Amino acid sequence: GLLVLIGGGFAISKGFTESGLNIAMGNNIANMTEQVPPFMLHLVIVLIVALLTQMFSAVGTATTVLPTLYSAAQNAAHNPLAFVLPATVACSFGFGLPTATPSNVVVLAKSQDLSRPLRVRDYFFSGLYLQPLVIVFGSLLSYWSGQAVYSAQAPFPKWACDDGVTCLWLPIAGEDQGQHVTEQACMMIMSTSESEEGFCRLHNGTRVDEAPYLDHALLDT
């Protein structure tokens, strides 16, 4: 029964990926970057990932959601740490179901030797009050530490644009995340349209012709 419980979580996680729901979720979160305050976006990511963790397990959620959020952050020209950090923290908020973390499964298995074994409902009702508290306080703490320690709300960093495939790092001055920058990332536009070919997109949505900057970008890499 426990193997079915664990395997079911991984099967749901696989279906989440195969159906394209992970991409849809990442795109919706990326679209929210300019519409909601940074902390609200942070809280939404923590809430979604914490709920997914209950079903997919912490490992299944991390392997499915983190690459999706990283890609979504790049598409939105947003600092990836603002997406990945809260999601990573929320993967540990597995208090509602035994499938959430390996330790929950171990405790459930060992309880079978007791006169009154634990049931799924015991996990659910115990986590029903704990989960909302952890989501709120965990969001506050991770948002504060993300700014203070990791500068998660800073402009898109150069280290996230070193591949030269998804974006180019160009000497274009402007505003990014409310800060003045002298260089910034320009995201490659993946389109079959000839009118979009050879252009990339800045954080503010401005299209830029790549050709005059390609030599500079190649020298940087």
# chains A, B, ... in the order shown; residues from 1 in each chain; ligands from 1
$ residues_around --residues "Pro98 in chain A" --least-positions-apart "2" --cutoff "8 Å" --atoms "only C-alpha atoms" --output "list in words"
Gln54, Phe95, Gly96, Ala100, Thr101, Asn104, Val105, Leu108, Val120 and Tyr123 of chain A
$ select_by_dssp --residues "range 38-191 of chain A" --states "helix (DSSP H, G or I)" --output "ChimeraX atom specification"
/A:38-56,58-75,80-90,102-113,120-148,158-161
$ atom_distance --atom1 "CA of Ala58 in chain A" --atom2 "CA of Leu114 in chain A"
26.7 Å
$ residues_around --residues "Trp144 in chain A" --least-positions-apart "3" --cutoff "12 Å" --atoms "only C-alpha atoms" --output "number ranges by chain"
A: 38-39, 42, 82, 85-86, 137-141, 147-153
$ write_last_selection --atoms "all heavy atoms" --output "compact mmCIF listing (two decimals), in the first residue's frame"
# COMPACT_ATOMS: atom_id res chain seq x y z
N PRO A 38 5.63 42.35 -5.70
CA PRO A 38 6.59 41.23 -5.58
C PRO A 38 6.25 40.25 -4.47
O PRO A 38 6.37 39.04 -4.64
CB PRO A 38 7.92 41.94 -5.32
CG PRO A 38 7.76 43.28 -5.94
CD PRO A 38 6.33 43.65 -5.74
N PHE A 39 5.81 40.77 -3.30
CA PHE A 39 5.52 39.84 -2.20
C PHE A 39 4.31 38.97 -2.51
O PHE A 39 4.28 37.78 -2.14
CB PHE A 39 5.29 40.59 -0.88
CG PHE A 39 4.89 39.67 0.24
CD1 PHE A 39 5.83 38.82 0.81
CD2 PHE A 39 3.58 39.63 0.72
CE1 PHE A 39 5.47 37.95 1.83
CE2 PHE A 39 3.22 38.78 1.74
CZ PHE A 39 4.18 37.92 2.30
N HIS A 42 5.43 36.25 -4.67
CA HIS A 42 6.19 35.33 -3.82
C HIS A 42 5.25 34.40 -3.06
O HIS A 42 5.43 33.18 -3.02
CB HIS A 42 7.04 36.15 -2.85
CG HIS A 42 8.04 35.36 -2.07
ND1 HIS A 42 9.36 35.24 -2.44
CD2 HIS A 42 7.90 34.64 -0.93
CE1 HIS A 42 9.98 34.49 -1.56
NE2 HIS A 42 9.14 34.11 -0.63
N ALA A 82 13.86 35.07 -7.79
CA ALA A 82 12.56 35.50 -7.26
C ALA A 82 11.50 34.42 -7.45
O ALA A 82 10.50 34.39 -6.72
CB ALA A 82 12.11 36.79 -7.96
N LEU A 85 13.61 30.56 -5.52
CA LEU A 85 13.84 30.54 -4.07
C LEU A 85 12.57 30.21 -3.28
O LEU A 85 12.59 29.29 -2.45
CB LEU A 85 14.44 31.87 -3.61
CG LEU A 85 14.72 31.99 -2.11
CD1 LEU A 85 15.74 30.94 -1.68
CD2 LEU A 85 15.23 33.39 -1.76
N PRO A 86 11.45 30.92 -3.48
CA PRO A 86 10.24 30.56 -2.72
C PRO A 86 9.75 29.16 -3.04
O PRO A 86 9.23 28.46 -2.16
CB PRO A 86 9.22 31.62 -3.15
CG PRO A 86 9.71 32.15 -4.44
CD PRO A 86 11.21 32.09 -4.35
N PHE A 137 4.11 32.48 7.27
CA PHE A 137 5.36 32.86 7.91
C PHE A 137 6.57 32.44 7.08
O PHE A 137 7.58 33.15 7.06
CB PHE A 137 5.44 32.24 9.31
CG PHE A 137 4.54 32.89 10.31
CD1 PHE A 137 3.37 32.27 10.72
CD2 PHE A 137 4.82 34.15 10.83
CE1 PHE A 137 2.51 32.88 11.62
CE2 PHE A 137 3.98 34.77 11.74
CZ PHE A 137 2.82 34.13 12.14
N GLY A 138 6.46 31.32 6.38
CA GLY A 138 7.55 30.91 5.49
C GLY A 138 7.72 31.89 4.33
O GLY A 138 8.84 32.17 3.91
N SER A 139 6.61 32.42 3.83
CA SER A 139 6.68 33.41 2.75
C SER A 139 7.34 34.70 3.23
O SER A 139 8.20 35.26 2.53
CB SER A 139 5.28 33.70 2.22
OG SER A 139 4.69 32.57 1.65
N LEU A 140 6.97 35.14 4.42
CA LEU A 140 7.57 36.36 4.98
C LEU A 140 9.07 36.20 5.17
O LEU A 140 9.86 37.07 4.80
CB LEU A 140 6.90 36.72 6.31
CG LEU A 140 5.45 37.22 6.23
CD1 LEU A 140 4.83 37.28 7.63
CD2 LEU A 140 5.39 38.59 5.57
N LEU A 141 9.46 35.07 5.78
CA LEU A 141 10.87 34.85 6.07
C LEU A 141 11.69 34.67 4.80
O LEU A 141 12.77 35.25 4.66
CB LEU A 141 11.02 33.62 6.97
CG LEU A 141 12.45 33.28 7.43
CD1 LEU A 141 13.05 34.44 8.21
CD2 LEU A 141 12.45 32.01 8.27
N GLN A 147 15.74 38.92 -0.31
CA GLN A 147 16.22 40.26 -0.61
C GLN A 147 17.53 40.57 0.10
O GLN A 147 18.45 41.13 -0.48
CB GLN A 147 15.16 41.29 -0.21
CG GLN A 147 13.95 41.33 -1.12
CD GLN A 147 13.03 42.48 -0.78
OE1 GLN A 147 12.59 42.62 0.36
NE2 GLN A 147 12.74 43.30 -1.75
N ALA A 148 17.61 40.20 1.39
CA ALA A 148 18.77 40.56 2.20
C ALA A 148 20.01 39.76 1.84
O ALA A 148 21.13 40.29 1.84
CB ALA A 148 18.44 40.37 3.69
N VAL A 149 19.84 38.48 1.52
CA VAL A 149 20.99 37.60 1.32
C VAL A 149 21.27 37.36 -0.17
O VAL A 149 22.42 37.39 -0.60
CB VAL A 149 20.76 36.24 2.03
CG1 VAL A 149 21.95 35.32 1.82
CG2 VAL A 149 20.50 36.46 3.52
N TYR A 150 20.21 37.14 -0.95
CA TYR A 150 20.40 36.72 -2.34
C TYR A 150 20.05 37.80 -3.36
O TYR A 150 20.22 37.57 -4.56
CB TYR A 150 19.55 35.48 -2.63
CG TYR A 150 19.87 34.31 -1.74
CD1 TYR A 150 19.03 33.96 -0.69
CD2 TYR A 150 21.03 33.57 -1.93
CE1 TYR A 150 19.32 32.88 0.14
CE2 TYR A 150 21.33 32.48 -1.12
CZ TYR A 150 20.47 32.15 -0.08
OH TYR A 150 20.76 31.09 0.74
N SER A 151 19.54 38.94 -2.92
CA SER A 151 19.14 40.02 -3.85
C SER A 151 18.20 39.50 -4.92
O SER A 151 18.37 39.75 -6.12
CB SER A 151 20.38 40.66 -4.50
OG SER A 151 21.24 41.19 -3.52
N ALA A 152 17.17 38.76 -4.46
CA ALA A 152 16.26 38.10 -5.39
C ALA A 152 15.41 39.08 -6.19
O ALA A 152 14.89 38.73 -7.25
CB ALA A 152 15.35 37.13 -4.63
N GLN A 153 15.23 40.31 -5.68
CA GLN A 153 14.43 41.30 -6.39
C GLN A 153 15.28 42.26 -7.20
O GLN A 153 14.79 43.28 -7.67
CB GLN A 153 13.57 42.08 -5.38
CG GLN A 153 12.60 41.22 -4.58
CD GLN A 153 11.64 40.45 -5.45
OE1 GLN A 153 11.19 40.94 -6.48
NE2 GLN A 153 11.32 39.23 -5.04
$ closest_residue --among "A:Val107, A:Val134, A:Leu97, A:Ala72" --to "Thr166 in chain A" --atoms "only C-alpha atoms"
A:Ala72
$ closest_residue --among "A:Met187, A:Leu128, A:Leu133, A:Gln35" --to "Gln74 in chain A" --atoms "only C-alpha atoms"
A:Met187
$ closest_residue --among "A:Met32, A:Ser71, A:Ser57, A:Ala76" --to "Phe93 in chain A" --atoms "only C-alpha atoms"
A:Ser57
